[in-house]
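File shown: model_19.pdb (PDB, C-alpha atoms (C1' of nucleotides)).
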```pdb
ATOM      1  CA  MET X   1     -28.346-134.286 -63.886
ATOM      2  CA  PRO X   2     -27.269-131.760 -61.367
ATOM      3  CA  GLU X   3     -24.846-132.691 -58.629
ATOM      4  CA  LEU X   4     -22.840-130.146 -56.681
ATOM      5  CA  PRO X   5     -20.567-129.091 -59.568
ATOM      6  CA  GLU X   6     -23.487-128.523 -61.915
ATOM      7  CA  VAL X   7     -25.426-126.585 -59.286
ATOM      8  CA  GLU X   8     -22.366-124.495 -58.452
ATOM      9  CA  ALA X   9     -21.609-123.886 -62.127
ATOM     10  CA  THR X  10     -25.210-122.785 -62.546
ATOM     11  CA  ARG X  11     -24.953-120.473 -59.536
ATOM     12  CA  ARG X  12     -21.803-118.821 -60.820
ATOM     13  CA  SER X  13     -23.333-118.319 -64.241
ATOM     14  CA  PHE X  14     -26.060-115.966 -63.054
ATOM     15  CA  ALA X  15     -25.398-114.863 -59.461
ATOM     16  CA  ALA X  16     -23.788-111.561 -60.437
ATOM     17  CA  ASP X  17     -26.429-110.842 -63.075
ATOM     18  CA  ILE X  18     -29.366-111.202 -60.720
ATOM     19  CA  ALA X  19     -27.806-109.513 -57.683
ATOM     20  CA  ALA X  20     -29.812-106.478 -56.542
ATOM     21  CA  ALA X  21     -32.569-107.200 -59.048
ATOM     22  CA  GLN X  22     -36.128-106.446 -58.098
ATOM     23  CA  ILE X  23     -38.734-109.165 -58.610
ATOM     24  CA  LEU X  24     -41.415-107.950 -61.007
ATOM     25  CA  ALA X  25     -43.457-111.093 -61.616
ATOM     26  CA  VAL X  26     -43.627-114.786 -60.805
ATOM     27  CA  ARG X  27     -45.091-117.421 -63.094
ATOM     28  CA  LEU X  28     -45.728-120.989 -61.992
ATOM     29  CA  GLY X  29     -46.227-123.876 -64.421
ATOM     30  CA  LYS X  30     -47.107-127.443 -63.505
ATOM     31  CA  PRO X  31     -46.587-128.471 -59.879
ATOM     32  CA  LEU X  32     -43.059-129.296 -58.843
ATOM     33  CA  ARG X  33     -42.006-131.570 -56.002
ATOM     34  CA  TRP X  34     -43.272-129.198 -53.330
ATOM     35  CA  PRO X  35     -45.558-126.211 -53.459
ATOM     36  CA  LEU X  36     -43.988-122.769 -53.395
ATOM     37  CA  GLY X  37     -45.459-122.249 -49.967
ATOM     38  CA  CYS X  38     -46.701-118.690 -50.361
ATOM     39  CA  PRO X  39     -48.768-116.733 -52.847
ATOM     40  CA  PRO X  40     -46.482-115.845 -55.768
ATOM     41  CA  GLN X  41     -47.445-112.195 -55.333
ATOM     42  CA  ASP X  42     -45.682-112.165 -51.975
ATOM     43  CA  LEU X  43     -42.388-112.318 -53.840
ATOM     44  CA  VAL X  44     -43.166-109.430 -56.136
ATOM     45  CA  GLY X  45     -41.409-106.249 -55.099
ATOM     46  CA  GLN X  46     -38.693-108.057 -53.178
ATOM     47  CA  THR X  47     -35.037-107.776 -54.100
ATOM     48  CA  VAL X  48     -32.665-110.644 -54.829
ATOM     49  CA  GLN X  49     -29.622-109.832 -52.759
ATOM     50  CA  GLN X  50     -27.342-112.741 -53.534
ATOM     51  CA  VAL X  51     -27.332-116.357 -54.657
ATOM     52  CA  ARG X  52     -25.764-118.942 -52.410
ATOM     53  CA  ARG X  53     -25.545-122.714 -52.580
ATOM     54  CA  ARG X  54     -25.990-125.321 -49.862
ATOM     55  CA  GLY X  55     -25.478-128.867 -51.115
ATOM     56  CA  LYS X  56     -27.537-129.117 -54.270
ATOM     57  CA  TYR X  57     -29.855-126.297 -53.223
ATOM     58  CA  LEU X  58     -29.575-122.781 -54.559
ATOM     59  CA  LEU X  59     -30.547-120.109 -52.057
ATOM     60  CA  LEU X  60     -31.760-116.785 -53.336
ATOM     61  CA  ASP X  61     -31.556-114.346 -50.471
ATOM     62  CA  LEU X  62     -34.367-111.840 -50.691
ATOM     63  CA  ASN X  63     -34.598-108.682 -48.639
ATOM     64  CA  ALA X  64     -37.513-110.253 -46.750
ATOM     65  CA  GLY X  65     -37.107-113.962 -47.178
ATOM     66  CA  LEU X  66     -35.421-116.803 -48.957
ATOM     67  CA  LEU X  67     -36.118-118.757 -52.102
ATOM     68  CA  LEU X  68     -34.769-122.287 -52.280
ATOM     69  CA  LEU X  69     -34.327-123.893 -55.690
ATOM     70  CA  HIS X  70     -33.553-127.525 -56.322
ATOM     71  CA  LEU X  71     -32.971-128.905 -59.798
ATOM     72  CA  GLY X  72     -33.884-132.488 -58.969
ATOM     73  CA  MET X  73     -32.910-134.987 -61.611
ATOM     74  CA  SER X  74     -33.697-133.116 -64.802
ATOM     75  CA  GLY X  75     -33.861-129.438 -63.887
ATOM     76  CA  SER X  76     -31.862-126.594 -65.318
ATOM     77  CA  LEU X  77     -31.969-122.834 -64.951
ATOM     78  CA  ARG X  78     -31.557-120.159 -67.534
ATOM     79  CA  PHE X  79     -31.162-116.427 -66.954
ATOM     80  CA  ALA X  80     -31.818-114.121 -69.886
ATOM     81  CA  PRO X  81     -33.258-110.690 -70.691
ATOM     82  CA  SER X  82     -36.401-112.354 -71.997
ATOM     83  CA  PHE X  83     -37.796-115.711 -73.063
ATOM     84  CA  PRO X  84     -40.232-117.069 -75.607
ATOM     85  CA  ALA X  85     -43.581-118.296 -74.305
ATOM     86  CA  PRO X  86     -43.010-121.059 -71.742
ATOM     87  CA  GLY X  87     -42.785-124.595 -73.084
ATOM     88  CA  ALA X  88     -44.388-127.681 -71.571
ATOM     89  CA  HIS X  89     -41.503-128.145 -69.111
ATOM     90  CA  ASP X  90     -40.865-124.549 -68.099
ATOM     91  CA  HIS X  91     -42.392-124.557 -64.643
ATOM     92  CA  PHE X  92     -41.133-121.396 -63.003
ATOM     93  CA  ASP X  93     -40.276-117.912 -64.218
ATOM     94  CA  LEU X  94     -38.898-115.235 -61.929
ATOM     95  CA  THR X  95     -39.064-111.998 -63.843
ATOM     96  CA  THR X  96     -36.803-109.333 -62.423
ATOM     97  CA  SER X  97     -35.651-105.867 -63.289
ATOM     98  CA  GLN X  98     -32.424-107.386 -64.653
ATOM     99  CA  GLY X  99     -33.704-110.415 -66.507
ATOM    100  CA  THR X 100     -35.768-113.539 -66.072
ATOM    101  CA  LEU X 101     -34.735-116.710 -64.290
ATOM    102  CA  ARG X 102     -36.483-119.733 -65.815
ATOM    103  CA  LEU X 103     -36.589-123.264 -64.437
ATOM    104  CA  HIS X 104     -36.873-126.025 -67.026
ATOM    105  CA  ASP X 105     -37.568-129.452 -65.520
ATOM    106  CA  PRO X 106     -39.172-132.272 -67.540
ATOM    107  CA  ARG X 107     -39.381-134.759 -64.675
ATOM    108  CA  ARG X 108     -40.453-132.198 -62.078
ATOM    109  CA  PHE X 109     -38.390-133.647 -59.264
ATOM    110  CA  GLY X 110     -37.107-130.144 -58.748
ATOM    111  CA  ALA X 111     -38.592-127.567 -56.436
ATOM    112  CA  VAL X 112     -38.920-123.893 -55.662
ATOM    113  CA  VAL X 113     -39.723-123.189 -52.036
ATOM    114  CA  ALA X 114     -40.207-119.853 -50.332
ATOM    115  CA  ALA X 115     -39.237-119.442 -46.691
ATOM    116  CA  ALA X 116     -38.900-116.559 -44.262
ATOM    117  CA  GLY X 117     -35.218-117.332 -43.787
ATOM    118  CA  GLU X 118     -32.804-120.170 -43.194
ATOM    119  CA  ASP X 119     -34.229-120.793 -39.733
ATOM    120  CA  ASP X 120     -37.762-121.062 -41.070
ATOM    121  CA  PRO X 121     -38.982-124.651 -40.518
ATOM    122  CA  ARG X 122     -39.785-124.868 -44.211
ATOM    123  CA  ALA X 123     -36.126-124.254 -45.011
ATOM    124  CA  GLN X 124     -34.826-126.295 -42.115
ATOM    125  CA  LYS X 125     -36.780-129.294 -43.277
ATOM    126  CA  LEU X 126     -34.720-129.252 -46.469
ATOM    127  CA  LEU X 127     -31.386-127.946 -45.223
ATOM    128  CA  GLY X 128     -31.353-129.214 -41.661
ATOM    129  CA  GLY X 129     -29.767-132.603 -42.088
ATOM    130  CA  LEU X 130     -27.202-131.698 -44.709
ATOM    131  CA  GLY X 131     -23.581-132.701 -44.283
ATOM    132  CA  MET X 132     -20.270-130.961 -44.839
ATOM    133  CA  GLU X 133     -19.576-128.718 -47.836
ATOM    134  CA  PRO X 134     -16.728-130.393 -49.716
ATOM    135  CA  LEU X 135     -15.475-127.140 -51.264
ATOM    136  CA  ASP X 136     -15.307-125.347 -47.932
ATOM    137  CA  PRO X 137     -12.198-126.280 -45.928
ATOM    138  CA  ALA X 138     -13.744-124.859 -42.772
ATOM    139  CA  SER X 139     -16.623-127.298 -43.131
ATOM    140  CA  PHE X 140     -14.998-130.315 -44.726
ATOM    141  CA  THR X 141     -12.420-131.568 -42.259
ATOM    142  CA  TRP X 142     -10.635-134.879 -42.064
ATOM    143  CA  GLU X 143     -11.587-135.355 -38.420
ATOM    144  CA  ARG X 144     -15.304-135.054 -39.071
ATOM    145  CA  PHE X 145     -15.083-137.122 -42.224
ATOM    146  CA  ALA X 146     -13.221-139.949 -40.510
ATOM    147  CA  ALA X 147     -15.664-139.894 -37.614
ATOM    148  CA  GLY X 148     -18.604-140.027 -40.031
ATOM    149  CA  LEU X 149     -17.197-143.033 -41.853
ATOM    150  CA  HIS X 150     -16.559-144.743 -38.570
ATOM    151  CA  ALA X 151     -20.186-144.285 -37.528
ATOM    152  CA  SER X 152     -21.815-146.051 -40.474
ATOM    153  CA  ARG X 153     -21.860-149.653 -41.579
ATOM    154  CA  ALA X 154     -23.741-148.845 -44.807
ATOM    155  CA  PRO X 155     -21.958-149.270 -48.147
ATOM    156  CA  ILE X 156     -19.733-146.258 -48.816
ATOM    157  CA  LYS X 157     -21.556-145.527 -52.066
ATOM    158  CA  ALA X 158     -24.829-145.147 -50.157
ATOM    159  CA  VAL X 159     -23.168-142.998 -47.491
ATOM    160  CA  LEU X 160     -21.838-140.621 -50.137
ATOM    161  CA  LEU X 161     -25.198-140.339 -51.892
ATOM    162  CA  ALA X 162     -27.148-139.790 -48.675
ATOM    163  CA  GLY X 163     -25.665-136.316 -48.196
ATOM    164  CA  LYS X 164     -25.649-136.554 -44.395
ATOM    165  CA  LEU X 165     -21.876-136.736 -44.164
ATOM    166  CA  VAL X 166     -20.868-134.757 -47.256
ATOM    167  CA  VAL X 167     -23.236-132.912 -49.555
ATOM    168  CA  GLY X 168     -23.319-132.676 -53.303
ATOM    169  CA  VAL X 169     -21.954-136.076 -54.280
ATOM    170  CA  GLY X 170     -24.426-137.685 -56.670
ATOM    171  CA  ASN X 171     -24.339-140.809 -58.755
ATOM    172  CA  ILE X 172     -21.685-139.673 -61.231
ATOM    173  CA  TYR X 173     -19.224-138.226 -58.748
ATOM    174  CA  ALA X 174     -19.693-141.043 -56.237
ATOM    175  CA  SER X 175     -18.402-143.486 -58.844
ATOM    176  CA  GLU X 176     -15.583-141.119 -59.749
ATOM    177  CA  VAL X 177     -14.296-140.430 -56.234
ATOM    178  CA  LEU X 178     -14.443-144.114 -55.289
ATOM    179  CA  PHE X 179     -12.421-144.990 -58.367
ATOM    180  CA  ALA X 180      -9.926-142.246 -57.601
ATOM    181  CA  SER X 181      -9.438-143.585 -54.091
ATOM    182  CA  ARG X 182      -9.547-147.260 -55.165
ATOM    183  CA  ILE X 183     -12.396-148.214 -52.866
ATOM    184  CA  HIS X 184     -15.019-150.813 -53.760
ATOM    185  CA  PRO X 185     -18.484-149.180 -53.718
ATOM    186  CA  ALA X 186     -19.929-151.890 -51.461
ATOM    187  CA  THR X 187     -17.329-151.480 -48.710
ATOM    188  CA  PRO X 188     -18.983-150.697 -45.377
ATOM    189  CA  ALA X 189     -17.981-147.127 -44.552
ATOM    190  CA  CYS X 190     -16.610-148.122 -41.168
ATOM    191  CA  ALA X 191     -14.439-150.825 -42.746
ATOM    192  CA  ILE X 192     -12.464-148.457 -44.971
ATOM    193  CA  ARG X 193      -8.805-148.476 -43.966
ATOM    194  CA  PRO X 194      -7.296-145.132 -42.955
ATOM    195  CA  VAL X 195      -5.090-144.921 -46.042
ATOM    196  CA  LYS X 196      -8.070-145.324 -48.345
ATOM    197  CA  ALA X 197     -10.245-143.043 -46.227
ATOM    198  CA  ARG X 198      -7.585-140.366 -46.579
ATOM    199  CA  ARG X 199      -7.556-140.844 -50.326
ATOM    200  CA  LEU X 200     -11.351-140.627 -50.443
ATOM    201  CA  PHE X 201     -11.353-137.425 -48.411
ATOM    202  CA  ALA X 202      -8.829-135.894 -50.786
ATOM    203  CA  ALA X 203     -10.587-137.195 -53.894
ATOM    204  CA  ILE X 204     -13.927-135.688 -52.910
ATOM    205  CA  GLY X 205     -12.368-132.257 -52.541
ATOM    206  CA  GLN X 206     -10.280-132.504 -55.685
ATOM    207  CA  VAL X 207     -12.824-134.068 -58.022
ATOM    208  CA  MET X 208     -15.569-131.675 -57.010
ATOM    209  CA  ALA X 209     -13.298-128.640 -57.336
ATOM    210  CA  ARG X 210     -12.027-129.765 -60.702
ATOM    211  CA  ALA X 211     -15.548-130.458 -61.958
ATOM    212  CA  VAL X 212     -16.672-126.984 -60.917
ATOM    213  CA  GLU X 213     -13.707-125.473 -62.769
ATOM    214  CA  GLN X 214     -14.798-127.426 -65.831
ATOM    215  CA  GLY X 215     -18.335-126.073 -65.560
ATOM    216  CA  GLY X 216     -19.810-129.419 -64.514
ATOM    217  CA  THR X 217     -20.517-132.571 -66.482
ATOM    218  CA  THR X 218     -22.741-132.515 -69.549
ATOM    219  CA  LEU X 219     -23.718-136.102 -70.278
ATOM    220  CA  ARG X 220     -26.785-135.257 -72.247
ATOM    221  CA  ASP X 221     -28.287-131.856 -71.768
ATOM    222  CA  PHE X 222     -26.879-129.995 -68.767
ATOM    223  CA  SER X 223     -26.048-126.380 -69.319
ATOM    224  CA  ASN X 224     -25.592-123.447 -66.980
ATOM    225  CA  ALA X 225     -27.829-120.396 -66.726
ATOM    226  CA  GLN X 226     -26.137-118.891 -69.787
ATOM    227  CA  GLY X 227     -26.754-122.049 -71.795
ATOM    228  CA  MET X 228     -23.135-123.203 -71.709
ATOM    229  CA  ALA X 229     -22.348-126.909 -71.417
ATOM    230  CA  GLY X 230     -19.820-128.334 -68.977
ATOM    231  CA  HIS X 231     -16.605-130.138 -69.871
ATOM    232  CA  PHE X 232     -15.962-132.563 -67.030
ATOM    233  CA  GLN X 233     -17.426-135.477 -69.028
ATOM    234  CA  HIS X 234     -14.057-135.624 -70.779
ATOM    235  CA  ALA X 235     -12.358-136.265 -67.437
ATOM    236  CA  VAL X 236     -14.771-138.976 -66.301
ATOM    237  CA  GLN X 237     -12.913-142.212 -65.528
ATOM    238  CA  VAL X 238     -15.643-144.781 -64.859
ATOM    239  CA  TYR X 239     -19.181-143.392 -64.935
ATOM    240  CA  GLY X 240     -21.099-144.800 -67.892
ATOM    241  CA  ARG X 241     -18.087-146.810 -69.084
ATOM    242  CA  ALA X 242     -19.273-150.364 -68.361
ATOM    243  CA  GLY X 243     -17.339-152.837 -70.503
ATOM    244  CA  GLN X 244     -14.697-150.321 -71.511
ATOM    245  CA  PRO X 245     -11.113-150.679 -70.282
ATOM    246  CA  CYS X 246     -10.067-149.128 -66.985
ATOM    247  CA  HIS X 247      -7.822-146.149 -67.628
ATOM    248  CA  ARG X 248      -5.476-147.361 -64.921
ATOM    249  CA  CYS X 249      -5.212-151.138 -65.474
ATOM    250  CA  GLY X 250      -7.119-152.019 -68.632
ATOM    251  CA  GLN X 251      -9.630-154.320 -66.928
ATOM    252  CA  PRO X 252     -13.192-153.791 -68.226
ATOM    253  CA  ILE X 253     -15.180-151.409 -66.031
ATOM    254  CA  ASP X 254     -18.022-153.180 -64.241
ATOM    255  CA  LEU X 255     -21.383-152.022 -62.999
ATOM    256  CA  LEU X 256     -23.270-152.946 -59.885
ATOM    257  CA  ARG X 257     -26.681-151.934 -58.670
ATOM    258  CA  GLN X 258     -27.121-150.564 -55.174
ATOM    259  CA  GLY X 259     -30.571-149.390 -54.205
ATOM    260  CA  GLN X 260     -31.854-148.960 -57.757
ATOM    261  CA  ARG X 261     -28.801-146.932 -58.753
ATOM    262  CA  SER X 262     -25.897-148.145 -60.794
ATOM    263  CA  THR X 263     -22.308-147.699 -59.674
ATOM    264  CA  TYR X 264     -19.419-148.023 -62.096
ATOM    265  CA  TYR X 265     -16.102-149.299 -60.826
ATOM    266  CA  CYS X 266     -12.992-151.214 -61.781
ATOM    267  CA  PRO X 267     -13.106-154.725 -60.279
ATOM    268  CA  ARG X 268      -9.330-154.935 -60.274
ATOM    269  CA  CYS X 269      -8.420-151.491 -58.911
ATOM    270  CA  GLN X 270     -11.274-151.274 -56.404
ATOM    271  CA  LYS X 271     -11.244-154.231 -54.046
ATOM    272  CA  ILE X 272     -13.045-154.387 -50.741
TER     273      ILE X 272
ATOM    274  C1'  DC W   1     -32.199-145.002 -34.876
ATOM    275  C1'  DG W   2     -29.881-146.870 -39.107
ATOM    276  C1'  DT W   3     -30.702-148.949 -43.197
ATOM    277  C1'  DG W   4     -32.721-150.393 -47.495
ATOM    278  C1'  DG W   5     -36.551-150.037 -50.667
ATOM    279  C1'  DC W   6     -40.133-147.316 -52.884
ATOM    280  C1'  DT W   7     -41.786-143.389 -54.920
ATOM    281  C1'  DC W   8     -42.648-139.078 -57.504
ATOM    282  C1'  DC W   9     -42.559-137.825 -63.316
ATOM    283  C1'  DT W  10     -41.379-137.884 -68.190
ATOM    284  C1'  DG W  11     -38.060-138.587 -71.915
ATOM    285  C1'  DT W  12     -34.828-141.681 -74.141
ATOM    286  C1'  DT W  13     -33.062-145.945 -75.387
ATOM    287  C1'  DA W  14     -32.655-150.972 -75.734
ATOM    288  C1'  DG W  15     -34.811-155.066 -77.053
ATOM    289  C1'  DC W  16     -38.132-157.877 -79.315
TER     290       DC W  16
ATOM    291  C1'  DT B   1     -41.322-149.657 -87.835
ATOM    292  C1'  DG B   2     -43.886-150.035 -83.505
ATOM    293  C1'  DC B   3     -44.644-151.418 -78.963
ATOM    294  C1'  DT B   4     -42.944-152.331 -74.217
ATOM    295  C1'  DA B   5     -39.831-152.265 -70.572
ATOM    296  C1'  DA B   6     -35.918-150.628 -68.436
ATOM    297  C1'  DC B   7     -33.402-146.850 -67.091
ATOM    298  C1'  DA B   8     -31.922-141.898 -66.059
ATOM    299  C1'  DG B   9     -27.877-137.023 -62.993
ATOM    300  C1'  DG B  10     -32.281-136.738 -56.479
ATOM    301  C1'  DA B  11     -33.856-137.444 -52.128
ATOM    302  C1'  DG B  12     -37.877-137.649 -48.839
ATOM    303  C1'  DC B  13     -40.694-141.073 -46.765
ATOM    304  C1'  DC B  14     -41.923-145.407 -44.929
ATOM    305  C1'  DA B  15     -41.337-149.977 -43.161
ATOM    306  C1'  DC B  16     -38.332-153.069 -40.921
TER     307       DC B  16
END
```

As structure tokens:
Amino acid sequence: MPELPEVEATRRSFAADIAAAQILAVRLGKPLRWPLGCPPQDLVGQTVQQVRRRGKYLLLDLNAGLLLLHLGMSGSLRFAPSFPAPGAHDHFDLTTSQGTLRLHDPRRFGAVVAAAGEDDPRAQKLLGGLGMEPLDPASFTWERFAAGLHASRAPIKAVLLAGKLVVGVGNIYASEVLFASRIHPATPACAIRPVKARRLFAAIGQVMARAVEQGGTTLRDFSNAQGMAGHFQHAVQVYGRAGQPCHRCGQPIDLLRQGQRSTYYCPRCQKI
DNA sequence: CGTGGCTCCTGTTAGC
DNA sequence: TGCTAACAGGAGCCAC
């Protein structure tokens, strides 16, 4: 579910509400992808200073540490004054003086990890190799992007998903930005012509920004921490549209599988 | 070292 | 209707 726009929409939907809140209790459900890494009691009494995002990770800055949250494939957060008893897929509750943050994650690919700070090896292991932030002009520059493309012979779709060059682009948005820039998903990154590379660079920034404005994409069940669905699914051009006509040329959208993931593209508009 | 494949887990859907 | 298999929005790890 959650790619950068969904994670950012989630962040914005509760960051102000939880700021300066004191942690009163921590409840863990079934194991997530990684263990929390400290006794839950160690978090009690700490204060949540702010909520940041790095790639698809949410970073809760505590007065004496850092809490990293990842929503994996099926995770979602909710922030509310109180909750009913936890259901089978509610695996983490952070009760604070200003409300409770609850992680719901049926597939449990998500994670909550405590670290001393961003330089803590536990945090570095997760954040260390991450690429540029597409919504941050200071980070996401054409020069670095072009150099990154030049350095890889892997299919551009795989390069986008890997998150080493640019973060936050998942399976939905990879299809969308490649369609927007008219690049075939299997094109080796280093073989993309400058004109198309320029278009891709621009499309990543624009599509991600637009999707955040729209509150993310709700294909099935995504909602932000206030329970509100996103709207970007109405702007989706190719993802999930196999067999339906291309919005640009009318040709049926096709689907190809790359590394167990499907990519949607227009065979006429997106040539290698 | 770069690259591609496998894997974790559970719910939903397509197909017989 | 019921069973089975394929597939799903992520990404670390392991072999080549």

Chain X contacts on chain B, all atoms listed in the file, 9 Å, as a PDB file with C-alpha atoms (C1' of nucleotides), in the coordinates of the input:
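This is the output file result.pdb:
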```
ATOM      1  C1'  DA B   8     -31.922-141.898 -66.059  1.00  0.00           C
ATOM      2  C1'  DG B   9     -27.877-137.023 -62.993  1.00  0.00           C
ATOM      3  C1'  DG B  10     -32.281-136.738 -56.479  1.00  0.00           C
ATOM      4  C1'  DA B  11     -33.856-137.444 -52.128  1.00  0.00           C
TER       5       DA B  11
END
```

Which one of X:Gln237, X:Ser82, X:Gln251, X:Gln214 sits closest to Tyr264 (chain X) if you count only C-alpha atoms? X:Gln237

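Atom pair CA of Ala138 (chain X) / CA of Val166 (chain X) has a distance of 13.0 Å (rounded to one decimal).
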
Quick one: residues within 10 Å of region 3-14 of chain W, only C-alpha atoms (C1' of nucleotides), excluding same-chain residues fewer than 2 positions away - as a ChimeraX atom specification? /X:32-33,74,89,105-109,152-154,158,258-260 /W:1,16 /B:5-8,12-16

Pick the closest to chain W from X:Pro40, X:Gly230, X:Pro31, X:Pro245: which is it, counting only C-alpha atoms (C1' of nucleotides)?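 Once distances to chain W are computed over only C-alpha atoms (C1' of nucleotides), the minimum belongs to X:Pro31.
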
Determine the nearest neighbour of chain W from the options X:Asp42, X:Ser97, X:Gly205, X:Pro155, counting all atoms listed in the file. X:Pro155

Quick one: residues within 6 Å of Ala20 (chain X), all atoms listed in the file counted, chain neighbours fewer than 6 positions away excluded, as an MDAnalysis selection string? chainID X and resid 47:49
